file query_19.cif (mmCIF, C-alpha atoms)
data_protein
loop_
_atom_site.label_atom_id
_atom_site.label_comp_id
_atom_site.auth_asym_id
_atom_site.auth_seq_id
_atom_site.Cartn_x
_atom_site.Cartn_y
_atom_site.Cartn_z
CA MET A 19 7.64 -37.94 3.81
CA ARG A 20 4.76 -35.91 5.22
CA SER A 21 6.39 -32.71 4.11
CA LEU A 22 6.65 -34.04 0.56
CA ILE A 23 2.94 -34.71 0.59
CA PHE A 24 2.38 -31.16 1.77
CA LEU A 25 4.76 -29.81 -0.85
CA SER A 26 2.70 -31.29 -3.66
CA ALA A 27 -0.26 -29.32 -2.41
CA LEU A 28 1.79 -26.21 -1.77
CA LEU A 29 3.39 -26.04 -5.20
CA LEU A 30 0.06 -26.60 -6.92
CA SER A 31 -1.23 -23.48 -5.24
CA ILE A 32 1.57 -21.40 -6.79
CA LYS A 33 0.41 -19.34 -9.67
CA VAL A 34 2.59 -16.57 -10.97
CA TYR A 35 0.17 -14.13 -12.50
CA ALA A 36 0.67 -12.00 -15.54
CA ALA A 37 -1.54 -8.96 -16.03
CA SER A 38 -5.06 -9.48 -14.77
CA CYS A 39 -6.52 -8.03 -17.95
CA CYS A 40 -4.94 -10.91 -19.79
CA GLY A 41 -5.59 -13.66 -17.30
CA GLY A 42 -3.32 -16.66 -16.94
CA GLY A 43 0.35 -16.42 -16.19
CA PHE A 44 2.36 -19.44 -15.21
CA ALA A 45 0.72 -22.03 -12.98
CA PHE A 46 2.95 -24.62 -11.37
CA PRO A 47 2.31 -28.00 -13.02
CA ALA A 48 0.52 -30.86 -11.32
CA LEU A 49 3.44 -33.03 -10.16
CA ILE A 50 3.78 -35.96 -7.78
CA LEU A 51 6.59 -35.07 -5.38
CA GLY A 52 6.04 -37.84 -2.82
CA ASP A 53 5.93 -41.61 -3.07
CA ASP A 54 2.56 -41.78 -4.78
CA LYS A 55 1.17 -43.29 -7.93
CA ALA A 56 -1.58 -40.72 -8.44
CA LEU A 57 -2.64 -37.36 -7.12
CA PHE A 58 -5.82 -35.34 -7.36
CA THR A 59 -6.23 -31.79 -6.10
CA SER A 60 -9.25 -29.56 -6.21
CA SER A 61 -8.79 -25.97 -5.23
CA PHE A 62 -10.84 -22.83 -4.91
CA SER A 63 -9.15 -19.41 -5.13
CA TYR A 64 -10.50 -15.97 -4.53
CA GLY A 65 -8.37 -13.12 -5.84
CA SER A 66 -8.66 -9.38 -6.01
CA VAL A 67 -6.56 -7.01 -8.13
CA THR A 68 -5.55 -4.10 -5.91
CA ASP A 69 -2.91 -2.20 -7.91
CA ASP A 70 -1.49 -1.69 -11.37
CA VAL A 71 2.15 -0.87 -11.97
CA LEU A 72 3.23 1.04 -15.08
CA PRO A 73 6.31 0.12 -17.14
CA ASN A 74 8.18 2.98 -15.38
CA GLY A 75 7.48 1.45 -11.97
CA LYS A 76 4.76 3.92 -10.87
CA TRP A 77 1.84 2.38 -8.98
CA ILE A 78 -1.89 3.10 -9.38
CA HIS A 79 -4.62 1.88 -7.04
CA ARG A 80 -7.32 -0.18 -8.73
CA ALA A 81 -10.89 1.02 -8.25
CA ASP A 82 -12.83 -1.33 -10.51
CA ASN A 83 -13.71 -4.05 -7.99
CA ASN A 84 -11.75 -6.54 -10.09
CA GLN A 85 -12.19 -9.99 -8.55
CA SER A 86 -11.86 -13.55 -9.68
CA GLU A 87 -12.74 -16.98 -8.36
CA THR A 88 -10.96 -20.00 -9.76
CA MET A 89 -12.05 -23.59 -9.25
CA LYS A 90 -9.22 -25.81 -10.41
CA ILE A 91 -8.84 -29.55 -10.77
CA ASP A 92 -5.29 -30.90 -10.93
CA GLY A 93 -4.43 -34.54 -11.54
CA ALA A 94 -1.09 -36.33 -11.85
CA TYR A 95 -0.42 -39.96 -12.60
CA LEU A 96 2.77 -42.05 -12.44
CA ILE A 97 3.29 -43.80 -15.77
CA SER A 98 6.53 -45.55 -14.73
CA ASP A 99 8.94 -45.45 -11.79
CA LEU A 100 10.38 -42.12 -12.90
CA TRP A 101 7.93 -40.70 -15.44
CA GLN A 102 4.63 -39.02 -14.69
CA THR A 103 2.01 -36.95 -16.44
CA GLY A 104 -0.42 -34.36 -15.17
CA MET A 105 -3.16 -31.97 -16.17
CA SER A 106 -4.75 -28.80 -14.75
CA VAL A 107 -8.24 -27.65 -15.65
CA PRO A 108 -9.32 -24.28 -14.24
CA VAL A 109 -12.81 -22.81 -14.32
CA VAL A 110 -12.64 -19.06 -13.81
CA SER A 111 -15.28 -16.56 -12.76
CA ARG A 112 -14.31 -12.89 -13.17
CA GLN A 113 -16.06 -9.74 -12.01
CA ILE A 114 -15.10 -6.23 -13.05
CA ASP A 115 -17.33 -3.43 -11.82
CA LYS A 116 -20.87 -4.65 -12.69
CA GLU A 117 -19.76 -7.07 -15.40
CA ASP A 118 -19.07 -10.77 -14.87
CA SER A 119 -18.17 -13.89 -16.78
CA MET A 120 -17.58 -17.55 -15.96
CA GLY A 121 -16.07 -20.37 -17.98
CA LEU A 122 -13.08 -22.51 -18.74
CA GLY A 123 -9.60 -21.05 -18.20
CA ASP A 124 -6.40 -22.14 -19.97
CA ILE A 125 -5.77 -25.89 -19.62
CA SER A 126 -2.21 -27.16 -18.94
CA ILE A 127 -0.73 -30.58 -19.56
CA ASN A 128 2.67 -31.71 -18.32
CA LEU A 129 5.16 -34.52 -18.44
CA GLY A 130 7.47 -35.02 -15.46
CA TYR A 131 10.68 -37.00 -14.95
CA GLU A 132 12.35 -37.66 -11.62
CA PHE A 133 15.98 -37.16 -12.58
CA LEU A 134 17.27 -37.00 -9.02
CA PRO A 135 15.50 -39.72 -7.01
CA GLU A 136 16.00 -39.92 -3.26
CA LEU A 137 16.94 -43.60 -2.93
CA SER A 138 18.91 -43.26 0.30
CA TYR A 139 19.25 -40.58 2.95
CA SER A 140 21.62 -37.75 2.18
CA GLU A 141 22.04 -34.60 4.21
CA TRP A 142 22.48 -32.39 1.19
CA LYS A 143 21.25 -34.15 -1.96
CA PRO A 144 17.74 -33.02 -2.87
CA LYS A 145 15.05 -34.83 -4.78
CA GLY A 146 14.82 -33.40 -8.28
CA LEU A 147 12.11 -33.46 -10.94
CA ALA A 148 12.17 -32.02 -14.43
CA PHE A 149 9.01 -31.23 -16.32
CA LEU A 150 7.75 -30.00 -19.64
CA GLN A 151 4.48 -28.10 -19.60
CA ILE A 152 2.21 -26.97 -22.41
CA THR A 153 -0.58 -24.46 -21.82
CA LEU A 154 -3.42 -24.32 -24.32
CA PRO A 155 -5.43 -21.15 -25.05
CA THR A 156 -8.74 -22.80 -24.22
CA SER A 157 -10.41 -19.64 -22.96
CA PRO A 158 -11.01 -16.20 -24.46
CA SER A 159 -8.14 -13.77 -24.08
CA VAL A 160 -8.20 -9.98 -24.02
CA TYR A 161 -7.88 -10.14 -27.83
CA ASP A 162 -11.15 -12.07 -28.21
CA ALA A 163 -13.08 -10.48 -25.34
CA THR A 164 -16.57 -9.26 -26.20
CA ASN A 165 -17.60 -7.89 -22.79
CA ILE A 166 -17.33 -4.12 -22.46
CA LEU A 167 -14.76 -4.37 -19.65
CA ALA A 168 -13.25 -7.64 -20.93
CA ALA A 169 -14.42 -9.64 -17.93
CA ASP A 170 -14.63 -12.60 -20.31
CA SER A 171 -10.88 -12.50 -20.80
CA ARG A 172 -9.93 -15.57 -18.77
CA GLY A 173 -6.68 -16.62 -20.42
CA ARG A 174 -3.54 -15.33 -22.12
CA GLY A 175 -4.51 -16.39 -25.62
CA PHE A 176 -1.24 -18.12 -26.54
CA PHE A 177 0.11 -21.65 -26.82
CA THR A 178 2.92 -21.83 -24.29
CA LEU A 179 5.56 -24.53 -23.97
CA GLY A 180 8.47 -24.79 -21.60
CA PRO A 181 10.65 -26.92 -19.33
CA GLY A 182 11.28 -26.52 -15.64
CA MET A 183 12.81 -28.17 -12.60
CA VAL A 184 11.79 -28.54 -8.97
CA PHE A 185 14.03 -29.58 -6.08
CA THR A 186 12.80 -30.55 -2.62
CA LYS A 187 14.74 -31.37 0.52
CA ASN A 188 13.87 -32.31 4.10
CA TRP A 189 15.85 -31.81 7.27
CA LYS A 190 13.96 -33.26 10.25
CA ALA A 191 10.99 -30.92 10.79
CA TRP A 192 12.08 -28.52 8.05
CA ASP A 193 11.67 -28.72 4.32
CA ALA A 194 12.75 -26.50 1.44
CA ASN A 195 11.82 -26.24 -2.19
CA LEU A 196 13.36 -24.53 -5.17
CA SER A 197 11.89 -24.46 -8.64
CA GLY A 198 12.34 -22.66 -11.92
CA GLU A 199 10.91 -22.77 -15.40
CA ILE A 200 11.22 -21.00 -18.73
CA HIS A 201 8.54 -20.95 -21.39
CA LYS A 202 8.00 -19.76 -24.90
CA SER A 203 4.64 -18.31 -25.98
CA PHE A 204 3.91 -18.63 -29.68
CA PRO A 205 2.57 -15.90 -32.01
CA ARG A 206 -1.09 -15.88 -33.00
CA THR A 207 -3.37 -13.90 -35.26
CA PHE A 208 -6.58 -12.54 -33.78
CA HIS A 209 -9.53 -10.79 -35.30
CA SER A 210 -10.04 -8.19 -32.61
CA ASP A 211 -12.91 -5.71 -32.51
CA ALA A 212 -10.91 -3.83 -29.89
CA ALA A 213 -8.08 -3.35 -32.40
CA GLY A 214 -10.40 -2.51 -35.26
CA GLY A 215 -9.34 -5.52 -37.37
CA GLU A 216 -6.82 -8.33 -37.59
CA ILE A 217 -3.68 -8.22 -35.49
CA ASP A 218 -0.60 -10.44 -35.20
CA ALA A 219 0.40 -10.76 -31.55
CA THR A 220 3.97 -11.89 -30.96
CA PRO A 221 4.80 -12.75 -27.36
CA GLY A 222 8.24 -14.00 -26.37
CA TRP A 223 9.89 -15.88 -23.55
CA GLY A 224 8.90 -15.96 -19.92
CA ARG A 225 10.44 -17.37 -16.78
CA SER A 226 9.66 -17.84 -13.12
CA PHE A 227 11.52 -18.96 -10.03
CA THR A 228 10.21 -20.03 -6.64
CA ALA A 229 12.00 -20.66 -3.33
CA GLY A 230 10.32 -21.70 -0.12
CA VAL A 231 10.66 -23.27 3.29
CA GLY A 232 8.29 -25.10 5.60
CA TRP A 233 8.11 -26.35 9.16
CA ASN A 234 6.30 -29.57 9.98
CA HIS A 235 4.73 -30.53 13.29
CA GLY A 236 2.51 -33.59 13.51
CA ASP A 237 -0.28 -33.29 10.99
CA TRP A 238 0.45 -29.61 10.41
CA ARG A 239 2.85 -27.72 8.20
CA VAL A 240 3.36 -23.99 7.87
CA GLY A 241 5.43 -22.59 5.06
CA THR A 242 6.28 -19.58 2.99
CA ASN A 243 7.28 -19.10 -0.63
CA LEU A 244 8.65 -16.29 -2.76
CA SER A 245 8.21 -16.40 -6.54
CA SER A 246 9.33 -14.08 -9.27
CA MET A 247 8.04 -13.96 -12.82
CA TYR A 248 9.07 -12.24 -16.04
CA GLU A 249 7.33 -12.10 -19.43
CA ASP A 250 8.75 -10.58 -22.58
CA ALA A 251 6.84 -7.75 -24.22
CA ILE A 252 4.01 -8.65 -26.59
CA ARG A 253 4.55 -7.04 -30.00
CA ILE A 254 1.47 -6.17 -32.05
CA ARG A 255 1.29 -5.64 -35.80
CA GLY A 256 -1.67 -5.29 -38.14
CA ALA A 257 -4.70 -3.08 -37.55
CA GLN A 258 -2.78 -1.65 -34.57
CA SER A 259 0.91 -1.55 -33.78
CA SER A 260 2.76 -1.47 -30.49
CA GLU A 261 6.03 -2.81 -29.16
CA GLY A 262 4.74 -3.64 -25.67
CA ALA A 263 6.77 -3.69 -22.47
CA PRO A 264 8.09 -6.59 -20.37
CA GLN A 265 6.10 -7.63 -17.30
CA SER A 266 7.59 -8.67 -13.98
CA ASN A 267 6.49 -9.10 -10.40
CA MET A 268 7.05 -11.15 -7.25
CA THR A 269 4.52 -13.20 -5.33
CA TRP A 270 4.88 -13.97 -1.64
CA SER A 271 2.73 -16.70 -0.18
CA ALA A 272 2.06 -18.12 3.27
CA VAL A 273 0.70 -21.64 3.49
CA VAL A 274 -0.87 -23.84 6.16
CA ASN A 275 -1.36 -27.53 5.44
CA TYR A 276 -3.28 -30.05 7.49
CA MET A 277 -3.06 -33.77 6.87
CA LEU A 278 -6.48 -35.38 7.24
CA ASP A 279 -5.05 -38.88 6.95
CA LEU A 280 -2.16 -40.58 5.17
CA GLU A 281 -3.73 -39.99 1.78
CA SER A 282 -5.44 -36.62 2.00
CA ALA A 283 -4.60 -33.07 3.02
CA LEU A 284 -6.12 -29.61 3.19
CA THR A 285 -4.18 -26.49 2.28
CA LEU A 286 -4.96 -22.85 2.93
CA SER A 287 -2.70 -20.28 1.30
CA TYR A 288 -2.51 -16.52 0.95
CA ALA A 289 -0.57 -14.99 -1.93
CA ASP A 290 0.28 -11.30 -2.20
CA GLN A 291 2.00 -9.55 -5.11
CA THR A 292 2.24 -6.12 -3.49
CA LEU A 293 4.87 -6.89 -0.86
CA PHE A 294 8.11 -7.79 -2.62
CA GLY A 295 10.18 -6.86 -5.64
CA ALA A 296 10.05 -4.00 -8.09
CA PRO A 297 7.10 -4.92 -10.31
CA GLU A 298 6.81 -3.48 -13.80
CA ASN A 299 3.88 -3.34 -16.22
CA SER A 300 1.81 -5.67 -14.02
CA SER A 301 -1.51 -5.88 -12.26
CA LEU A 302 -0.97 -6.96 -8.67
CA SER A 303 -3.40 -9.16 -6.80
CA LYS A 304 -4.02 -10.77 -3.44
CA THR A 305 -5.34 -14.31 -3.52
CA VAL A 306 -6.63 -16.81 -0.96
CA THR A 307 -6.71 -20.48 -1.95
CA LEU A 308 -8.26 -23.47 -0.23
CA SER A 309 -7.41 -26.86 -1.64
CA PHE A 310 -8.09 -30.51 -0.96
CA GLN A 311 -5.64 -33.12 -2.06
CA GLN A 312 -6.21 -36.85 -2.39
CA ARG A 313 -3.35 -39.14 -3.24
CA TRP A 314 -2.92 -42.83 -3.87
CA GLN A 315 0.24 -44.48 -2.58
CA ARG A 316 2.41 -46.73 -4.74
CA MET B 1114 19.34 -24.89 8.37
CA ASN B 1115 19.45 -21.80 10.60
CA PHE B 1116 21.96 -20.23 8.22
CA PHE B 1117 19.62 -20.98 5.31
CA LEU B 1118 16.61 -19.45 7.08
CA THR B 1119 18.56 -16.36 8.12
CA GLY B 1120 19.70 -15.90 4.52
CA ILE B 1121 16.13 -16.13 3.23
CA PHE B 1122 14.94 -13.69 5.89
CA PHE B 1123 17.48 -11.03 4.94
CA LEU B 1124 16.95 -11.62 1.22
CA ALA B 1125 13.22 -11.11 1.75
CA LEU B 1126 13.83 -7.86 3.64
CA THR B 1127 15.97 -6.41 0.88
CA ALA B 1128 13.38 -7.42 -1.71
CA CYS B 1129 10.52 -5.50 -0.04
CA ALA B 1130 8.37 -3.61 -2.54
CA ARG B 1131 8.54 0.19 -2.40
CA PRO B 1132 5.29 1.39 -3.97
CA ASP B 1133 5.68 4.76 -5.69
CA TYR B 1134 2.11 5.88 -6.36
CA LEU B 1135 1.30 8.43 -9.04
CA SER B 1136 0.99 11.75 -7.26
CA VAL B 1137 -1.11 13.57 -9.87
CA ASP B 1138 -4.80 12.79 -10.31
CA PRO B 1139 -4.87 11.54 -13.90
CA ARG B 1140 -8.44 12.78 -14.31
CA GLN B 1141 -7.31 16.36 -13.77
CA GLN B 1142 -4.10 15.89 -15.71
CA ASN B 1143 -5.88 14.68 -18.82
CA HIS B 1144 -9.19 16.49 -18.60
CA THR B 1145 -9.06 18.98 -21.44
CA GLN B 1146 -7.04 19.58 -24.58
CA ASP B 1147 -7.82 23.18 -25.53
CA GLN B 1148 -5.51 23.77 -28.47
CA CYS B 1149 -4.44 22.05 -31.65
CA ALA B 1150 -3.40 18.90 -29.82
CA LEU B 1151 -3.72 16.65 -32.85
CA ILE B 1152 -2.32 17.72 -36.23
CA PHE B 1153 -3.42 15.85 -39.35
CA SER B 1154 -1.00 17.49 -41.77
CA LYS B 1155 -2.01 15.51 -44.88
CA ASN B 1156 -5.56 16.71 -44.36
CA SER B 1157 -4.53 20.21 -43.22
CA LEU B 1158 -6.67 19.67 -40.16
CA CYS B 1159 -6.27 20.35 -36.48
CA ALA B 1160 -8.27 18.52 -33.84
CA ASN B 1161 -8.85 18.64 -30.14
CA VAL B 1162 -10.56 16.54 -27.53
CA HIS B 1163 -12.82 17.74 -24.75
CA TRP B 1164 -13.78 15.14 -22.18
CA SER B 1165 -17.44 15.50 -21.25
CA GLN B 1166 -17.18 12.41 -19.03
CA GLY B 1167 -13.92 11.14 -17.58
CA PRO B 1168 -11.43 10.01 -18.71
CA GLN B 1169 -11.90 7.32 -16.11
CA THR B 1170 -11.92 3.61 -15.44
CA PRO B 1171 -14.02 1.48 -15.21
CA ALA B 1172 -17.03 3.79 -15.74
CA GLU B 1173 -17.93 5.08 -19.21
CA SER B 1174 -16.05 8.08 -20.55
CA GLU B 1175 -17.15 10.32 -23.36
CA PHE B 1176 -15.49 13.08 -25.36
CA ILE B 1177 -16.16 15.63 -28.08
CA LEU B 1178 -13.76 15.62 -31.03
CA LYS B 1179 -13.57 18.77 -33.15
CA PHE B 1180 -11.73 19.29 -36.48
CA TRP B 1181 -10.84 22.60 -38.06
CA ASN B 1182 -8.65 23.79 -40.92
CA SER B 1183 -5.19 24.35 -39.55
CA LYS B 1184 -4.55 27.31 -41.89
CA ASN B 1185 -7.63 29.50 -41.58
CA ALA B 1186 -9.62 28.46 -38.48
CA THR B 1187 -9.17 28.10 -34.74
CA GLU B 1188 -10.38 25.80 -31.99
CA ASN B 1189 -13.46 28.04 -31.77
CA GLY B 1190 -14.39 27.37 -35.39
CA PRO B 1191 -15.42 27.20 -38.08
CA TYR B 1192 -15.14 23.40 -38.03
CA ASN B 1193 -14.41 21.17 -41.02
CA ASP B 1194 -15.44 17.63 -41.85
CA PRO B 1195 -12.63 15.21 -42.67
CA ALA B 1196 -13.04 13.22 -45.92
CA GLN B 1197 -14.60 10.35 -43.95
CA ASN B 1198 -15.81 9.92 -40.39
CA PRO B 1199 -12.86 9.48 -38.02
CA SER B 1200 -12.18 6.09 -36.48
CA VAL B 1201 -11.20 5.90 -32.81
CA VAL B 1202 -9.43 2.99 -31.10
CA LEU B 1203 -8.46 2.80 -27.43
CA TRP B 1204 -5.09 1.08 -27.14
CA MET B 1205 -2.80 0.11 -24.28
CA PRO B 1206 0.67 -0.02 -25.91
CA SER B 1207 2.55 -1.44 -22.92
CA MET B 1208 0.18 -4.41 -22.65
CA GLY B 1209 -0.50 -4.69 -26.39
CA HIS B 1210 -4.29 -4.73 -26.30
CA GLY B 1211 -7.27 -2.48 -26.79
CA SER B 1212 -10.66 -2.00 -25.23
CA SER B 1213 -14.21 -2.48 -26.45
CA PRO B 1214 -15.10 -0.54 -29.63
CA VAL B 1215 -16.29 3.04 -29.16
CA LYS B 1216 -19.24 4.65 -30.93
CA VAL B 1217 -18.64 7.72 -33.15
CA GLU B 1218 -21.64 10.02 -33.55
CA LYS B 1219 -21.58 13.13 -35.77
CA LEU B 1220 -23.09 16.15 -34.01
CA GLU B 1221 -22.50 18.84 -36.63
CA THR B 1222 -19.92 19.75 -39.29
CA GLY B 1223 -16.49 18.74 -37.97
CA VAL B 1224 -17.80 17.89 -34.48
CA TYR B 1225 -18.18 14.33 -33.22
CA ARG B 1226 -19.27 12.77 -29.94
CA ILE B 1227 -17.30 9.64 -29.02
CA LYS B 1228 -19.43 7.46 -26.76
CA ARG B 1229 -19.01 4.04 -25.11
CA VAL B 1230 -15.42 4.86 -24.18
CA TYR B 1231 -14.40 2.22 -21.66
CA PHE B 1232 -10.82 1.87 -20.46
CA ILE B 1233 -10.72 -1.69 -19.16
CA MET B 1234 -7.96 -1.16 -16.63
CA SER B 1235 -5.69 1.45 -15.05
CA GLY B 1236 -2.44 2.31 -16.79
CA GLU B 1237 -1.06 4.07 -19.86
CA TRP B 1238 -3.59 4.35 -22.67
CA GLU B 1239 -3.62 5.85 -26.13
CA VAL B 1240 -6.68 7.25 -27.88
CA ARG B 1241 -5.77 6.59 -31.52
CA ILE B 1242 -7.71 8.78 -33.94
CA SER B 1243 -7.45 7.91 -37.64
CA LEU B 1244 -8.62 9.71 -40.73
CA LYS B 1245 -8.93 7.92 -44.04
CA ASN B 1246 -7.91 10.01 -47.03
CA ALA B 1247 -9.60 10.01 -50.42
CA ASP B 1248 -6.67 8.02 -51.90
CA GLY B 1249 -7.21 5.18 -49.40
CA SER B 1250 -4.23 6.04 -47.17
CA SER B 1251 -4.83 6.95 -43.56
CA GLU B 1252 -3.33 9.33 -41.05
CA GLN B 1253 -3.30 8.65 -37.33
CA GLN B 1254 -2.77 10.89 -34.33
CA THR B 1255 -2.56 9.75 -30.75
CA LEU B 1256 -3.63 11.22 -27.45
CA SER B 1257 -1.80 9.66 -24.49
CA LEU B 1258 -3.45 9.22 -21.10
CA VAL B 1259 -2.54 7.76 -17.74
CA LEU B 1260 -5.57 6.47 -15.84
#
call {"tool": "encode", "arguments": {"input": "query_19.cif", "output": "structure tokens"}}
result
Amino acid sequence: MRSLIFLSALLLSIKVYAASCCGGGFAFPALILGDDKALFTSSFSYGSVTDDVLPNGKWIHRADNNQSETMKIDGAYLISDLWQTGMSVPVVSRQIDKEDSMGLGDISINLGYEFLPELSYSEWKPKGLAFLQITLPTSPSVYDATNILAADSRGRGFFTLGPGMVFTKNWKAWDANLSGEIHKSFPRTFHSDAAGGEIDATPGWGRSFTAGVGWNHGDWRVGTNLSSMYEDAIRIRGAQSSEGAPQSNMTWSAVVNYMLDLESALTLSYADQTLFGAPENSSLSKTVTLSFQQRWQR
Amino acid sequence: MNFFLTGIFFLALTACARPDYLSVDPRQQNHTQDQCALIFSKNSLCANVHWSQGPQTPAESEFILKFWNSKNATENGPYNDPAQNPSVVLWMPSMGHGSSPVKVEKLETGVYRIKRVYFIMSGEWEVRISLKNADGSSEQQTLSLVL
């Protein structure tokens, strides 16, 4: 049970970034994975973009002091035995060279359904949840940025909708999690000074997968996760034209959780996108996150 | 469980990133275009770009853009004005976005200074230079950079 509490905090800290210029990426939805009726998590992340990878796989070191701090509030609420809903509200502060910007990021709302409840002990059967998440373009994207270096680009700029699944399983002191999601980003028209006029931006599908394990001892848990993400190319027509290139990368994270009491926990995580995989057309970052989670039991 | 952990460990090892950094300094590689790098055939014009600052990121870059008649002049002159002032857009085709608008300043006949050139991130960029013709159509030439 304790590990499930920890897992809720762990998965909330997973964010699979797209390019840093464009903010956003896929953030794991706020979901109740334990035996709770409500969950509230506040987290603070500090991230730094260290490298860019070209579509041909060549790497370039970043030298623009590109940093971001994200304060995020996640809430999830059980609306029936099996159904739940959740919301994530990030506030993002970005610094690039001597330019900075702070404001709302892209808000996400989700609906979850526990399709594989754990009603009795099984050595192999996991607990399974399905979810549907929508992300709203509530913050400026690189297409609407007005700062010289686009530090005010805090989101992707697209409505995104997609389903996913998460499985969790415990074996004594060990736990494991496996999750995956696909999403569709919808086309939008922007009036972009950077493009010299109006452009139609057509993104496509994206997907991400995460696998992880953890070891629990008393009030402590240590764990690790590996996530991969892929985003279709963004096609541009209008004042400018380009076909774009797909983006992909992998994020490795190490996590330490500490349970303050039965209803609250602290989580410290470190995520690094430079260690695994063969990234393409991506900005790679290193991020530290500290989060506090409060839950209310059923 | 041990089998599962061992599997994850070996999978992680095989998935290790192998960074292949660009070996050429892009600032040297892209510093000067001395010849007729950009051909505007409808306008019978040649153009070249000389970087007076950069190209670089994130600091400001600046370049001089010169036009001359492709039939009877050279990069050393005499220079010719296009029908209208050129427009310049910085574009990142792989990501599908641009950068902040540049400022085009005419220095003399056929010679322009392009200021406020900011490339907002590292990567493959295009400097897209467009000329509008008298009939309303436009012609665009592109200079590719890796920063």
call {"tool": "atom_distance", "arguments": {"input": "query_19.cif", "atom1": "atom CA of B:Thr1187", "atom2": "atom CA of B:Ile1152"}}
result
12.5 Å
call {"tool": "closest_residue", "arguments": {"input": "query_19.cif", "among": "B:Pro1214, B:Gly1223, B:Gly1190, B:Pro1168", "to": "chain A", "atoms": "all atoms listed in the file"}}
result
B:Pro1214
call {"tool": "interface_residues", "arguments": {"input": "query_19.cif", "of": "chain B", "to": "chain A", "cutoff": "7 Å", "atoms": "only C-alpha atoms", "output": "list in words"}}
result
Ala1128, Cys1129, Ala1130, Pro1132, Asp1133, Tyr1134, Leu1135, Pro1171, Val1202, Pro1206, Ser1207, Met1208, Gly1209, His1210, Gly1211, Ser1212, Ser1213, Pro1214, Tyr1231, Ile1233, Ser1235 and Gly1236 of chain B
call {"tool": "residues_around", "arguments": {"input": "query_19.cif", "residues": "B:Val1217", "least_positions_apart": "4", "cutoff": "9 Å", "atoms": "all atoms listed in the file", "output": "PyMOL selection string"}}
result
chain B and resi 1198-1201+1225-1229
call {"tool": "residues_around", "arguments": {"input": "query_19.cif", "residues": "A:Leu179", "least_positions_apart": "3", "cutoff": "10 Å", "atoms": "all atoms listed in the file", "output": "ChimeraX atom specification"}}
result
/A:126-128,150-154,176,200-204,223
call {"tool": "write_last_selection", "arguments": {"input": "query_19.cif", "atoms": "C-alpha atoms", "output": "PDB file, in the coordinates of the input"}}
result
ATOM      1  CA  SER A 126      -2.210 -27.160 -18.940  1.00  0.00           C
ATOM      2  CA  ILE A 127      -0.730 -30.580 -19.560  1.00  0.00           C
ATOM      3  CA  ASN A 128       2.670 -31.710 -18.320  1.00  0.00           C
ATOM      4  CA  LEU A 150       7.750 -30.000 -19.640  1.00  0.00           C
ATOM      5  CA  GLN A 151       4.480 -28.100 -19.600  1.00  0.00           C
ATOM      6  CA  ILE A 152       2.210 -26.970 -22.410  1.00  0.00           C
ATOM      7  CA  THR A 153      -0.580 -24.460 -21.820  1.00  0.00           C
ATOM      8  CA  LEU A 154      -3.420 -24.320 -24.320  1.00  0.00           C
ATOM      9  CA  PHE A 176      -1.240 -18.120 -26.540  1.00  0.00           C
ATOM     10  CA  ILE A 200      11.220 -21.000 -18.730  1.00  0.00           C
ATOM     11  CA  HIS A 201       8.540 -20.950 -21.390  1.00  0.00           C
ATOM     12  CA  LYS A 202       8.000 -19.760 -24.900  1.00  0.00           C
ATOM     13  CA  SER A 203       4.640 -18.310 -25.980  1.00  0.00           C
ATOM     14  CA  PHE A 204       3.910 -18.630 -29.680  1.00  0.00           C
ATOM     15  CA  TRP A 223       9.890 -15.880 -23.550  1.00  0.00           C
TER      16      TRP A 223
END
call {"tool": "atom_distance", "arguments": {"input": "query_19.cif", "atom1": "atom CA of B:Met1234", "atom2": "atom CA of B:Lys1179"}}
result
26.5 Å
